[in-house]
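*Asks:* Structure file protein15.csv (CSV, C-alpha atoms) right here:
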chain,number,residue,atom,x,y,z
X,1,MET,CA,25.6,-17.3,-14.1
X,2,SER,CA,22.4,-17.8,-16.1
X,3,LEU,CA,19.7,-15.8,-14.4
X,4,ALA,CA,15.9,-16.1,-14.3
X,5,PHE,CA,13.7,-13.5,-12.7
X,6,VAL,CA,10.7,-15.0,-10.9
X,7,PHE,CA,7.8,-13.1,-9.5
X,8,PRO,CA,5.6,-14.2,-6.5
X,9,GLY,CA,1.8,-14.4,-6.4
X,10,GLN,CA,-0.7,-13.7,-3.7
X,11,GLY,CA,-0.8,-15.5,-0.3
X,12,GLU,CA,2.2,-14.0,1.5
X,13,GLN,CA,0.8,-10.5,1.9
X,14,LYS,CA,1.3,-8.6,5.1
X,15,VAL,CA,0.5,-5.0,6.2
X,16,GLY,CA,3.7,-3.0,5.6
X,17,MET,CA,4.9,-5.2,2.8
X,18,GLY,CA,7.6,-3.4,0.8
X,19,LYS,CA,7.5,-0.3,3.1
X,20,ASP,CA,11.1,-0.6,4.1
X,21,ILE,CA,12.1,-0.7,0.4
X,22,TYR,CA,9.8,2.1,-0.5
X,23,ASP,CA,11.4,4.2,2.2
X,24,ALA,CA,15.0,3.2,1.3
X,25,TYR,CA,14.6,3.9,-2.5
X,26,PRO,CA,12.7,7.2,-2.8
X,27,GLY,CA,13.7,7.5,-6.5
X,28,LYS,CA,11.4,4.5,-7.2
X,29,ARG,CA,8.3,5.7,-5.4
X,30,PHE,CA,6.9,6.7,-8.8
X,31,ILE,CA,5.7,3.1,-9.2
X,32,PHE,CA,3.2,3.6,-6.4
X,33,ASN,CA,2.4,7.2,-7.4
X,34,ASN,CA,1.6,6.2,-11.0
X,35,ALA,CA,-0.6,3.3,-9.8
X,36,ASN,CA,-2.5,5.6,-7.4
X,37,GLU,CA,-3.1,8.0,-10.3
X,38,ILE,CA,-4.1,5.4,-12.8
X,39,LEU,CA,-6.6,3.7,-10.5
X,40,ASN,CA,-7.5,6.8,-8.6
X,41,GLU,CA,-7.0,5.2,-5.2
X,42,ASN,CA,-4.2,5.1,-2.7
X,43,ILE,CA,-2.8,1.5,-3.0
X,44,GLY,CA,0.3,2.5,-1.1
X,45,ASN,CA,-1.8,3.3,1.9
X,46,LEU,CA,-3.5,-0.1,1.8
X,47,CYS,CA,-0.2,-1.9,1.4
X,48,PHE,CA,1.7,0.0,4.1
X,49,LYS,CA,-0.9,1.2,6.6
X,50,GLY,CA,-4.1,-0.7,5.9
X,51,ASN,CA,-5.5,-3.5,7.8
X,52,TYR,CA,-4.9,-7.2,7.2
X,53,ASP,CA,-8.6,-7.8,6.2
X,54,ASP,CA,-8.2,-5.4,3.3
X,55,LEU,CA,-5.1,-7.3,2.1
X,56,ILE,CA,-7.0,-10.6,2.0
X,57,ASP,CA,-9.3,-9.0,-0.6
X,58,SER,CA,-8.2,-10.6,-3.8
X,59,ARG,CA,-8.2,-7.4,-5.8
X,60,ILE,CA,-6.1,-5.4,-3.2
X,61,SER,CA,-3.7,-8.3,-2.4
X,62,GLY,CA,-3.1,-8.7,-6.2
X,63,LEU,CA,-2.4,-5.0,-6.6
X,64,ALA,CA,-0.1,-5.0,-3.5
X,65,THR,CA,1.8,-8.1,-4.7
X,66,PHE,CA,2.2,-6.6,-8.2
X,67,LEU,CA,3.3,-3.2,-7.0
X,68,VAL,CA,5.8,-4.4,-4.5
X,69,SER,CA,7.3,-6.7,-7.1
X,70,SER,CA,7.4,-3.8,-9.6
X,71,LEU,CA,9.1,-1.5,-7.1
X,72,ILE,CA,11.8,-4.1,-6.5
X,73,TYR,CA,12.1,-4.8,-10.2
X,74,GLU,CA,12.7,-1.1,-10.9
X,75,ILE,CA,15.6,-1.1,-8.5
X,76,ILE,CA,17.1,-4.3,-9.9
X,77,LYS,CA,16.7,-3.0,-13.5
X,78,ASP,CA,19.3,-0.4,-12.7
X,79,LEU,CA,21.9,-3.2,-12.7
X,80,SER,CA,21.3,-3.7,-16.4
X,81,LEU,CA,21.3,-7.4,-16.1
X,82,LYS,CA,20.1,-9.6,-19.0
X,83,PRO,CA,18.0,-12.4,-17.5
X,84,SER,CA,17.8,-15.5,-19.6
X,85,GLY,CA,14.4,-16.6,-18.3
X,86,TYR,CA,11.2,-15.3,-16.6
X,87,ALA,CA,8.4,-16.8,-14.8
X,88,GLY,CA,5.7,-15.8,-12.3
X,89,TYR,CA,3.7,-17.7,-9.8
X,90,SER,CA,-0.1,-17.3,-10.5
X,91,LEU,CA,-0.7,-13.5,-10.4
X,92,GLY,CA,3.1,-13.1,-10.6
X,93,GLN,CA,2.8,-14.2,-14.2
X,94,TYR,CA,1.4,-10.7,-14.9
X,95,THR,CA,4.4,-9.1,-13.3
X,96,ALA,CA,6.7,-11.4,-15.3
X,97,LEU,CA,5.0,-10.5,-18.5
X,98,TYR,CA,5.4,-6.8,-17.6
X,99,ALA,CA,9.1,-7.3,-16.8
X,100,SER,CA,9.7,-9.3,-20.0
X,101,GLY,CA,8.1,-6.8,-22.3
X,102,ALA,CA,4.7,-8.3,-23.1
X,103,PHE,CA,2.5,-5.8,-21.2
X,104,SER,CA,3.0,-2.1,-20.3
X,105,PHE,CA,2.9,-1.0,-16.7
X,106,GLU,CA,-0.6,0.6,-17.0
X,107,GLN,CA,-1.9,-2.4,-18.9
X,108,THR,CA,-0.7,-4.8,-16.3
X,109,LEU,CA,-2.0,-2.8,-13.4
X,110,ARG,CA,-5.5,-2.6,-15.0
X,111,LEU,CA,-5.5,-6.3,-15.8
X,112,VAL,CA,-4.4,-7.2,-12.3
X,113,ASN,CA,-7.1,-5.0,-10.9
X,114,SER,CA,-9.8,-6.5,-13.1
X,115,ARG,CA,-8.6,-10.1,-12.6
X,116,GLY,CA,-8.8,-9.4,-8.8
X,117,ASN,CA,-12.4,-8.1,-9.2
X,118,CYS,CA,-13.4,-11.2,-11.2
X,119,LEU,CA,-11.8,-13.6,-8.6
X,120,LYS,CA,-13.6,-11.7,-5.9
X,121,LYS,CA,-17.0,-12.1,-7.5
X,122,ALA,CA,-16.4,-15.8,-8.2
X,123,ALA,CA,-15.2,-16.3,-4.6
X,124,MET,CA,-18.4,-14.7,-3.3
X,125,ALA,CA,-20.5,-17.1,-5.4
X,126,ASN,CA,-18.8,-20.1,-3.9
X,127,GLU,CA,-17.8,-20.9,-0.3
X,128,THR,CA,-14.3,-22.1,-1.2
X,129,GLY,CA,-10.8,-21.9,0.2
X,130,MET,CA,-7.3,-23.5,0.0
X,131,LEU,CA,-5.1,-25.7,2.1
X,132,GLY,CA,-1.3,-26.0,1.8
X,133,VAL,CA,0.1,-29.5,2.4
X,134,ILE,CA,3.7,-30.4,2.9
X,135,GLY,CA,5.1,-33.9,3.1
X,136,LEU,CA,2.7,-35.9,0.9
X,137,SER,CA,3.5,-37.3,-2.5
X,138,GLU,CA,1.7,-36.2,-5.6
X,139,GLU,CA,0.2,-39.7,-5.9
X,140,VAL,CA,-1.2,-39.6,-2.3
X,141,ILE,CA,-2.7,-36.1,-2.7
X,142,GLY,CA,-4.1,-37.1,-6.1
X,143,LYS,CA,-5.9,-40.1,-4.5
X,144,ILE,CA,-7.3,-38.0,-1.7
X,145,VAL,CA,-8.7,-35.3,-4.0
X,146,ALA,CA,-10.1,-38.0,-6.2
X,147,ARG,CA,-11.9,-39.5,-3.2
X,148,VAL,CA,-13.1,-36.2,-1.6
X,149,ASP,CA,-15.7,-34.5,-3.8
X,150,LYS,CA,-15.2,-30.8,-4.7
X,151,SER,CA,-11.5,-30.7,-4.0
X,152,TYR,CA,-8.7,-30.2,-6.5
X,153,ILE,CA,-4.9,-29.9,-6.6
X,154,ALA,CA,-4.5,-26.2,-7.4
X,155,ASN,CA,-0.7,-25.5,-7.1
X,156,TYR,CA,2.2,-27.9,-7.8
X,157,ASN,CA,4.7,-25.9,-5.7
X,158,SER,CA,7.6,-28.4,-5.3
X,159,PRO,CA,7.8,-32.1,-4.9
X,160,GLY,CA,6.0,-32.9,-1.7
X,161,ASN,CA,4.4,-29.4,-1.4
X,162,TYR,CA,1.0,-28.7,-2.9
X,163,SER,CA,-2.1,-26.5,-2.5
X,164,VAL,CA,-5.5,-27.9,-2.7
X,165,SER,CA,-8.7,-25.9,-3.4
X,166,TYR,CA,-11.9,-27.1,-1.8
X,167,ASP,CA,-15.5,-26.3,-1.2
X,168,ARG,CA,-15.9,-25.3,2.5
X,169,SER,CA,-18.2,-28.3,3.1
X,170,VAL,CA,-15.2,-30.7,2.7
X,171,ARG,CA,-12.4,-28.7,4.3
X,172,ASP,CA,-12.4,-30.6,7.6
X,173,MET,CA,-12.6,-34.0,5.8
X,174,LEU,CA,-9.6,-33.0,3.6
X,175,PHE,CA,-7.6,-31.8,6.6
X,176,SER,CA,-8.1,-35.1,8.4
X,177,GLU,CA,-7.3,-37.2,5.3
X,178,PHE,CA,-4.0,-35.3,5.0
X,179,GLU,CA,-3.3,-35.9,8.7
X,180,LYS,CA,-4.1,-39.6,8.4
X,181,GLU,CA,-1.5,-39.9,5.6
X,182,ASN,CA,1.1,-38.3,7.9
X,183,ALA,CA,1.5,-34.9,6.2
X,184,MET,CA,4.2,-32.8,7.9
X,185,LYS,CA,2.4,-29.5,7.8
X,186,ILE,CA,-1.1,-28.5,6.8
X,187,THR,CA,-2.0,-24.8,6.6
X,188,ASP,CA,-5.0,-22.7,5.7
X,189,ILE,CA,-3.8,-20.4,3.0
X,190,PRO,CA,-4.9,-16.8,3.6
X,191,VAL,CA,-6.8,-16.3,0.3
X,192,ALA,CA,-10.5,-15.5,-0.3
X,193,GLY,CA,-11.3,-18.4,-2.5
X,194,GLY,CA,-10.3,-21.7,-4.1
X,195,TRP,CA,-8.0,-20.4,-6.8
X,196,HIS,CA,-6.8,-22.3,-9.8
X,197,SER,CA,-9.7,-24.8,-9.7
X,198,PRO,CA,-13.0,-25.3,-11.5
X,199,PHE,CA,-14.5,-23.0,-8.8
X,200,MET,CA,-12.9,-20.1,-10.7
X,201,LYS,CA,-14.3,-20.9,-14.2
X,202,MET,CA,-16.8,-18.1,-13.7
X,203,ALA,CA,-13.9,-15.6,-12.9
X,204,ALA,CA,-12.1,-16.7,-16.1
X,205,ASN,CA,-15.2,-16.1,-18.2
X,206,MET,CA,-15.8,-12.7,-16.7
X,207,PHE,CA,-12.1,-11.7,-17.3
X,208,ARG,CA,-11.9,-13.2,-20.8
X,209,GLU,CA,-13.2,-10.3,-22.9
X,210,GLU,CA,-10.9,-7.7,-21.3
X,211,LEU,CA,-7.9,-10.1,-21.6
X,212,PHE,CA,-8.6,-11.1,-25.2
X,213,CYS,CA,-8.9,-7.5,-26.5
X,214,GLN,CA,-5.5,-6.5,-25.2
X,215,LYS,CA,-2.7,-5.5,-27.6
X,216,ILE,CA,0.3,-7.4,-26.3
X,217,LYS,CA,3.8,-8.3,-27.4
X,218,LEU,CA,5.4,-11.6,-27.3
X,219,PRO,CA,7.4,-11.8,-24.0
X,220,HIS,CA,11.1,-13.0,-23.8
X,221,GLU,CA,11.5,-16.3,-25.5
X,222,ASN,CA,12.2,-18.0,-22.2
X,223,PHE,CA,9.1,-16.7,-20.4
X,224,ILE,CA,7.7,-19.9,-19.0
X,225,GLU,CA,4.0,-19.8,-18.1
X,226,ASN,CA,2.2,-21.8,-15.5
X,227,TYR,CA,-0.6,-23.4,-17.4
X,228,THR,CA,1.6,-25.5,-19.7
X,229,ALA,CA,5.0,-25.1,-17.9
X,230,ASP,CA,6.5,-24.2,-21.2
X,231,GLN,CA,7.4,-21.3,-23.6
X,232,VAL,CA,4.7,-19.5,-25.5
X,233,LYS,CA,5.0,-19.1,-29.3
X,234,SER,CA,2.2,-16.6,-30.0
X,235,THR,CA,0.3,-13.8,-28.3
X,236,ASP,CA,-3.0,-15.6,-29.0
X,237,ARG,CA,-1.7,-18.7,-27.3
X,238,LEU,CA,-0.5,-16.5,-24.4
X,239,LYS,CA,-3.9,-15.0,-23.9
X,240,ASP,CA,-5.5,-18.3,-24.1
X,241,ASN,CA,-3.2,-19.8,-21.5
X,242,LEU,CA,-3.7,-16.8,-19.1
X,243,TYR,CA,-7.5,-17.4,-19.5
X,244,HIS,CA,-7.2,-21.2,-18.6
X,245,HIS,CA,-4.7,-20.4,-15.9
X,246,ILE,CA,-7.4,-18.8,-13.8
X,247,TYR,CA,-9.2,-22.1,-13.3
X,248,CYS,CA,-6.4,-24.6,-13.9
X,249,PRO,CA,-3.5,-25.6,-11.6
X,250,VAL,CA,-0.2,-23.6,-11.3
X,251,LYS,CA,2.5,-25.9,-12.5
X,252,TRP,CA,5.2,-24.2,-10.6
X,253,HIS,CA,7.8,-26.9,-10.1
X,254,GLN,CA,7.4,-28.1,-13.6
X,255,SER,CA,8.0,-24.4,-14.8
X,256,VAL,CA,11.1,-24.3,-12.6
X,257,ARG,CA,12.4,-27.5,-14.2
X,258,ARG,CA,11.7,-26.2,-17.7
X,259,LEU,CA,13.8,-23.1,-16.9
X,260,ILE,CA,16.6,-25.3,-15.6
X,261,GLU,CA,16.5,-27.3,-18.8
X,262,LEU,CA,16.9,-24.1,-20.6
X,263,GLY,CA,20.2,-23.5,-18.7
X,264,ILE,CA,19.1,-21.3,-15.8
X,265,ASP,CA,21.3,-21.8,-12.7
X,266,THR,CA,20.3,-18.8,-10.6
X,267,PHE,CA,16.8,-17.6,-9.7
X,268,VAL,CA,16.1,-14.1,-8.4
X,269,GLU,CA,12.8,-13.9,-6.6
X,270,VAL,CA,11.6,-10.3,-7.3
X,271,GLY,CA,9.0,-9.5,-4.7
X,272,PHE,CA,7.8,-9.7,-1.2
X,273,GLY,CA,8.6,-12.9,0.8
X,274,ASN,CA,10.8,-15.8,-0.2
X,275,GLN,CA,8.3,-18.6,-0.8
X,276,LEU,CA,9.3,-19.2,-4.4
X,277,SER,CA,12.9,-19.5,-3.4
X,278,LYS,CA,11.9,-22.3,-1.1
X,279,PHE,CA,9.9,-24.0,-3.7
X,280,ILE,CA,12.8,-23.8,-6.2
X,281,LYS,CA,15.3,-25.2,-3.7
X,282,TYR,CA,13.0,-28.1,-2.9
X,283,THR,CA,12.7,-28.7,-6.6
X,284,ASN,CA,16.4,-28.6,-7.3
X,285,ARG,CA,19.1,-28.2,-4.6
X,286,LYS,CA,21.9,-27.4,-7.0
X,287,VAL,CA,20.6,-24.1,-8.3
X,288,LYS,CA,21.2,-20.8,-6.5
X,289,VAL,CA,18.3,-18.7,-5.2
X,290,LEU,CA,18.4,-15.0,-4.3
X,291,TYR,CA,15.5,-13.1,-2.8
X,292,THR,CA,14.6,-9.5,-2.3
X,293,GLY,CA,11.6,-9.2,0.0
X,294,THR,CA,13.2,-6.9,2.6
X,295,VAL,CA,15.6,-4.1,2.2
X,296,GLY,CA,18.3,-6.2,3.8
X,297,ASP,CA,17.7,-9.2,1.4
X,298,LEU,CA,17.4,-6.8,-1.6
X,299,ASP,CA,20.7,-5.1,-0.8
X,300,LYS,CA,22.5,-8.4,-0.3
X,301,THR,CA,21.1,-9.7,-3.6
X,302,ILE,CA,22.2,-6.5,-5.4
X,303,GLU,CA,25.7,-6.9,-4.0
X,304,ILE,CA,25.9,-10.5,-5.3
X,305,LEU,CA,24.5,-9.6,-8.7
X,306,SER,CA,26.7,-6.6,-9.1
X,307,LYS,CA,29.8,-8.7,-8.5
X,308,SER,CA,28.7,-11.3,-11.0
X,309,SER,CA,27.7,-9.0,-13.8
W,1,MET,CA,29.7,-41.8,14.3
W,2,ASP,CA,26.3,-43.4,13.7
W,3,ILE,CA,23.6,-42.1,11.4
W,4,MET,CA,21.6,-40.3,14.2
W,5,ASP,CA,24.8,-38.6,15.4
W,6,LYS,CA,25.5,-37.4,11.9
W,7,LEU,CA,21.9,-36.1,11.4
W,8,LYS,CA,22.1,-34.2,14.7
W,9,GLN,CA,25.4,-32.7,13.6
W,10,GLY,CA,23.7,-31.6,10.4
W,11,VAL,CA,20.9,-30.0,12.3
W,12,CYS,CA,23.4,-28.2,14.6
W,13,ALA,CA,25.2,-26.8,11.5
W,14,ILE,CA,21.9,-25.4,10.3
W,15,ASN,CA,20.3,-24.3,13.5
W,16,VAL,CA,23.3,-22.9,15.3
W,17,VAL,CA,21.5,-22.0,18.5
W,18,ILE,CA,20.5,-25.6,19.3
W,19,GLU,CA,22.8,-27.9,21.3
W,20,LYS,CA,23.3,-31.4,19.9
W,21,SER,CA,22.1,-33.0,23.2
W,22,ASP,CA,18.9,-31.0,23.1
W,23,ILE,CA,17.7,-32.2,19.7
W,24,PRO,CA,14.7,-34.4,20.1
W,25,THR,CA,14.5,-37.4,17.8
W,26,ASP,CA,10.7,-37.9,18.0
W,27,GLU,CA,9.4,-34.3,17.6
W,28,GLY,CA,8.3,-32.8,14.2
W,29,LEU,CA,11.3,-31.0,12.6
W,30,LEU,CA,9.1,-28.3,11.2
W,31,ALA,CA,6.3,-28.4,13.7
W,32,SER,CA,8.6,-28.0,16.7
W,33,GLY,CA,10.5,-25.2,15.1
W,34,ILE,CA,13.9,-27.1,15.2
W,35,LEU,CA,14.1,-26.2,11.5
W,36,ASP,CA,12.2,-23.8,9.3
W,37,SER,CA,11.5,-24.9,5.7
W,38,PHE,CA,14.8,-23.4,4.4
W,39,GLY,CA,16.5,-25.3,7.2
W,40,LEU,CA,14.9,-28.5,6.1
W,41,ILE,CA,16.1,-28.1,2.6
W,42,GLU,CA,19.6,-27.6,3.9
W,43,LEU,CA,19.2,-30.8,6.0
W,44,ILE,CA,18.2,-32.7,2.8
W,45,GLY,CA,21.2,-31.3,1.0
W,46,PHE,CA,23.4,-32.3,3.9
W,47,ILE,CA,22.0,-35.9,3.9
W,48,GLU,CA,22.5,-36.2,0.2
W,49,SER,CA,26.1,-35.2,0.3
W,50,GLU,CA,26.9,-37.0,3.6
W,51,PHE,CA,25.3,-40.3,2.6
W,52,ASN,CA,25.9,-39.9,-1.1
W,53,PHE,CA,22.5,-40.4,-2.7
W,54,GLU,CA,19.8,-38.1,-4.2
W,55,MET,CA,16.4,-37.8,-2.8
W,56,GLU,CA,13.7,-38.8,-5.3
W,57,ASP,CA,10.7,-36.4,-5.8
W,58,ASP,CA,8.2,-38.8,-4.2
W,59,GLU,CA,10.4,-39.4,-1.1
W,60,PHE,CA,9.8,-35.9,0.4
W,61,THR,CA,7.1,-37.2,2.7
W,62,GLY,CA,6.1,-37.0,6.3
W,63,ASP,CA,6.8,-40.8,6.5
W,64,ASN,CA,10.5,-40.0,5.7
W,65,PHE,CA,11.0,-36.5,7.2
W,66,LYS,CA,8.5,-35.9,10.0
W,67,ASP,CA,11.2,-36.3,12.8
W,68,LEU,CA,14.8,-37.4,13.1
W,69,THR,CA,13.8,-41.0,13.8
W,70,ALA,CA,11.9,-41.1,10.5
W,71,VAL,CA,14.9,-39.5,8.7
W,72,LYS,CA,17.3,-42.0,10.2
W,73,ALA,CA,15.1,-44.9,9.0
W,74,TYR,CA,14.9,-43.3,5.5
W,75,VAL,CA,18.7,-42.9,5.3
W,76,GLU,CA,19.2,-46.5,6.4
W,77,ARG,CA,16.8,-47.7,3.6
W,78,LYS,CA,18.6,-45.6,1.0
W,79,ILE,CA,22.1,-46.7,1.8
W,80,ALA,CA,21.2,-50.4,2.4
Give the structure from this file in structure tokens form.

*Replies:*
Amino acid sequence: MSLAFVFPGQGEQKVGMGKDIYDAYPGKRFIFNNANEILNENIGNLCFKGNYDDLIDSRISGLATFLVSSLIYEIIKDLSLKPSGYAGYSLGQYTALYASGAFSFEQTLRLVNSRGNCLKKAAMANETGMLGVIGLSEEVIGKIVARVDKSYIANYNSPGNYSVSYDRSVRDMLFSEFEKENAMKITDIPVAGGWHSPFMKMAANMFREELFCQKIKLPHENFIENYTADQVKSTDRLKDNLYHHIYCPVKWHQSVRRLIELGIDTFVEVGFGNQLSKFIKYTNRKVKVLYTGTVGDLDKTIEILSKSS
Amino acid sequence: MDIMDKLKQGVCAINVVIEKSDIPTDEGLLASGILDSFGLIELIGFIESEFNFEMEDDEFTGDNFKDLTAVKAYVERKIA
């Protein structure tokens, strides 16, 4: 079994996310306690007891996503596994970089916090959003976004599954274009802006200075990042890619394929939900996926991983 | 057993609470809740092994997978 740890991004947040795991593993609560202390606010409360509107806020949903993944990662770390690859989806890249040794916990937390603030400011400057589309080919989606002004493919999730960022003025037109082409499912993604598109260039520029002054280490050699869907050879290149990544598409299925090329046959989704596991299975039905978003799923995954290690 | 019968058998193996005779052939597989998105991947895996071909990336479309009638036509084209 050649393992990769993959970390989800925002978009699946729910009030109470990770609470069952937090309760079941009291020895790992320090993740939330440390975060509360570093940021001087109770992120755990927002995650577990807040209201959904708070969790839509890009800063809070980013922190919640990162912290729940980190909590689960701390639990899995006790198995002393040696993953052969790492990747994260969008914000999940920061969690992957923390897990693969490039960033410290505090550094990641502060970066996730700042990145969220920058996205929030950029989202307030533009009336933008995102649609998820299942069941149209890349070629068809590409033609639609080329035709509809102010719309861009933002996430290459899996073949036939894409997210599109749009200016609010064209949302309905896009929706009907997708319908006309016989899409199987079209959904409004619960995020505050049109991520991973030129609408977020302003956010990238606001974040740039803080990102570029970080002292970071090179991650695991098989850390695959979303901007190029490939390995990174230097920390300068890594920072540059993280900067571009804010306003450029997430090449997720391409990243998954790169990990498979590197020999990965089992993906462990470390975080809330199981969206990445689905994207991976749609990309390649021969690999194994394990997920950890609830205490039941986590315990099942731990049992499987313990037997195989 | 014809293609539609085999497809329904595949759906029943994935969604164990649905009866073969109750599976509609012209309702959206995802939209009607017959399968969730993991179930649909399983169905694709079932089709690939049952009919011995691999789905190409650009073939996962509503035209081919919207409902079982579309899936049947897709399989027929693939094995022709």

*Asks:* So, counting all atoms listed in the file, which residue among W:Ile44, W:Ile34, W:Ala73, W:Ala13 is closest to chain X?

*Replies:* W:Ile44

*Asks:* If you take only C-alpha atoms and a cut-off of 9 Å, which residues of chain W touch chain X, and what are their nearest atom pairs and distances in Å to one decimal, in chain and number order, as JSON lines?

*Replies:*
{"residue": "W:Gly28", "atom": "CA", "partner": "X:Met184", "partner_atom": "CA", "distance": 7.5}
{"residue": "W:Leu29", "atom": "CA", "partner": "X:Met184", "partner_atom": "CA", "distance": 8.7}
{"residue": "W:Leu30", "atom": "CA", "partner": "X:Met184", "partner_atom": "CA", "distance": 7.4}
{"residue": "W:Ala31", "atom": "CA", "partner": "X:Lys185", "partner_atom": "CA", "distance": 7.2}
{"residue": "W:Ser37", "atom": "CA", "partner": "X:Lys278", "partner_atom": "CA", "distance": 7.3}
{"residue": "W:Phe38", "atom": "CA", "partner": "X:Lys278", "partner_atom": "CA", "distance": 6.3}
{"residue": "W:Ile41", "atom": "CA", "partner": "X:Tyr282", "partner_atom": "CA", "distance": 6.3}
{"residue": "W:Glu42", "atom": "CA", "partner": "X:Arg285", "partner_atom": "CA", "distance": 8.5}
{"residue": "W:Ile44", "atom": "CA", "partner": "X:Arg285", "partner_atom": "CA", "distance": 8.7}
{"residue": "W:Gly45", "atom": "CA", "partner": "X:Arg285", "partner_atom": "CA", "distance": 6.7}
{"residue": "W:Glu56", "atom": "CA", "partner": "X:Pro159", "partner_atom": "CA", "distance": 8.9}
{"residue": "W:Asp57", "atom": "CA", "partner": "X:Pro159", "partner_atom": "CA", "distance": 5.3}
{"residue": "W:Asp58", "atom": "CA", "partner": "X:Ser137", "partner_atom": "CA", "distance": 5.2}
{"residue": "W:Glu59", "atom": "CA", "partner": "X:Ser137", "partner_atom": "CA", "distance": 7.3}
{"residue": "W:Phe60", "atom": "CA", "partner": "X:Gly160", "partner_atom": "CA", "distance": 5.3}
{"residue": "W:Thr61", "atom": "CA", "partner": "X:Gly135", "partner_atom": "CA", "distance": 3.9}
{"residue": "W:Gly62", "atom": "CA", "partner": "X:Gly135", "partner_atom": "CA", "distance": 4.6}
{"residue": "W:Asp63", "atom": "CA", "partner": "X:Asn182", "partner_atom": "CA", "distance": 6.4}
{"residue": "W:Asn64", "atom": "CA", "partner": "X:Gly135", "partner_atom": "CA", "distance": 8.6}
{"residue": "W:Phe65", "atom": "CA", "partner": "X:Gly135", "partner_atom": "CA", "distance": 7.6}
{"residue": "W:Lys66", "atom": "CA", "partner": "X:Met184", "partner_atom": "CA", "distance": 5.7}

*Asks:* Could you give me, as a ChimeraX atom specification, the residues within 7 Å of Asp26 (chain W), counting all atoms listed in the file and dropping anything in the same chain fewer than 5 positions from it?

*Replies:* /W:67-69

*Asks:* Just how far from CA of Ser90 (chain X) is CA of Gly132 (chain X), in Å to one decimal?

*Replies:*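 Distance reported for this atom pair: 15.1 Å.
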
*Asks:* Give me, please, the distance in Å between CA of Val289 (chain X) and CA of Glu269 (chain X), quoted to one decimal.

*Replies:*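 So the two atoms, CA of Val289 (chain X) and CA of Glu269 (chain X), lie 7.4 Å apart.
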
*Asks:* One number please: CA of Asp230 (chain X) to CA of Arg258 (chain X), in Å, one decimal.

*Replies:*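 Atom-to-atom, CA of Asp230 (chain X) and CA of Arg258 (chain X) are spaced 6.6 Å apart.
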
*Asks:* Applying 8 Å and only C-alpha atoms, which residues near Gly10 (chain W) remain after dropping the ones on its own chain fewer than 3 positions away? List them as a ChimeraX atom specification.

*Replies:* /W:6-7,13-14,43,46-47

*Asks:* Which residue out of W:Asn15, W:Gln9, W:Ser49, W:Thr25 has the minimum interatomic distance to Ala70 (chain W) when all atoms listed in the file are used?

*Replies:*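 Among W:Asn15, W:Gln9, W:Ser49, W:Thr25, it is W:Thr25 that comes nearest to Ala70 (chain W).
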
*Asks:* For a quick check of understanding, using all atoms listed in the file, which of W:Lys78, W:Lys8, W:Asp36, W:Ile3 has the smallest distance to Asp22 (chain W)?

*Replies:*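 Counting all atoms listed in the file, the residue closest to Asp22 (chain W) is W:Lys8.
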
*Asks:* Could you check the closest approach to Ser58 (chain X) for each of X:Lys28, X:Arg168, X:Lys300, X:Lys120 and tell me which residue wins, using only C-alpha atoms?

*Replies:*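 Looking only at the distances to Ser58 (chain X), the closest residue turns out to be X:Lys120.
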
*Asks:* What's around Thr65 (chain X) at 12 Å? Count only C-alpha atoms, leave out sequence neighbours fewer than 6 positions away in its own chain, and write the answer as a ChimeraX atom specification.

*Replies:* /X:7-18,32,43-44,46-48,55-59,71-72,88-95,109,112-113,116,270-273,293

*Asks:* I need the chosen residues saved as a CSV table (one decimal), in the coordinates of the input, with C-alpha atoms.

*Replies:*
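Once written, out_13.csv looks like this:
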chain,number,residue,atom,x,y,z
X,7,PHE,CA,7.8,-13.1,-9.5
X,8,PRO,CA,5.6,-14.2,-6.5
X,9,GLY,CA,1.8,-14.4,-6.4
X,10,GLN,CA,-0.7,-13.7,-3.7
X,11,GLY,CA,-0.8,-15.5,-0.3
X,12,GLU,CA,2.2,-14.0,1.5
X,13,GLN,CA,0.8,-10.5,1.9
X,14,LYS,CA,1.3,-8.6,5.1
X,15,VAL,CA,0.5,-5.0,6.2
X,16,GLY,CA,3.7,-3.0,5.6
X,17,MET,CA,4.9,-5.2,2.8
X,18,GLY,CA,7.6,-3.4,0.8
X,32,PHE,CA,3.2,3.6,-6.4
X,43,ILE,CA,-2.8,1.5,-3.0
X,44,GLY,CA,0.3,2.5,-1.1
X,46,LEU,CA,-3.5,-0.1,1.8
X,47,CYS,CA,-0.2,-1.9,1.4
X,48,PHE,CA,1.7,0.0,4.1
X,55,LEU,CA,-5.1,-7.3,2.1
X,56,ILE,CA,-7.0,-10.6,2.0
X,57,ASP,CA,-9.3,-9.0,-0.6
X,58,SER,CA,-8.2,-10.6,-3.8
X,59,ARG,CA,-8.2,-7.4,-5.8
X,71,LEU,CA,9.1,-1.5,-7.1
X,72,ILE,CA,11.8,-4.1,-6.5
X,88,GLY,CA,5.7,-15.8,-12.3
X,89,TYR,CA,3.7,-17.7,-9.8
X,90,SER,CA,-0.1,-17.3,-10.5
X,91,LEU,CA,-0.7,-13.5,-10.4
X,92,GLY,CA,3.1,-13.1,-10.6
X,93,GLN,CA,2.8,-14.2,-14.2
X,94,TYR,CA,1.4,-10.7,-14.9
X,95,THR,CA,4.4,-9.1,-13.3
X,109,LEU,CA,-2.0,-2.8,-13.4
X,112,VAL,CA,-4.4,-7.2,-12.3
X,113,ASN,CA,-7.1,-5.0,-10.9
X,116,GLY,CA,-8.8,-9.4,-8.8
X,270,VAL,CA,11.6,-10.3,-7.3
X,271,GLY,CA,9.0,-9.5,-4.7
X,272,PHE,CA,7.8,-9.7,-1.2
X,273,GLY,CA,8.6,-12.9,0.8
X,293,GLY,CA,11.6,-9.2,0.0
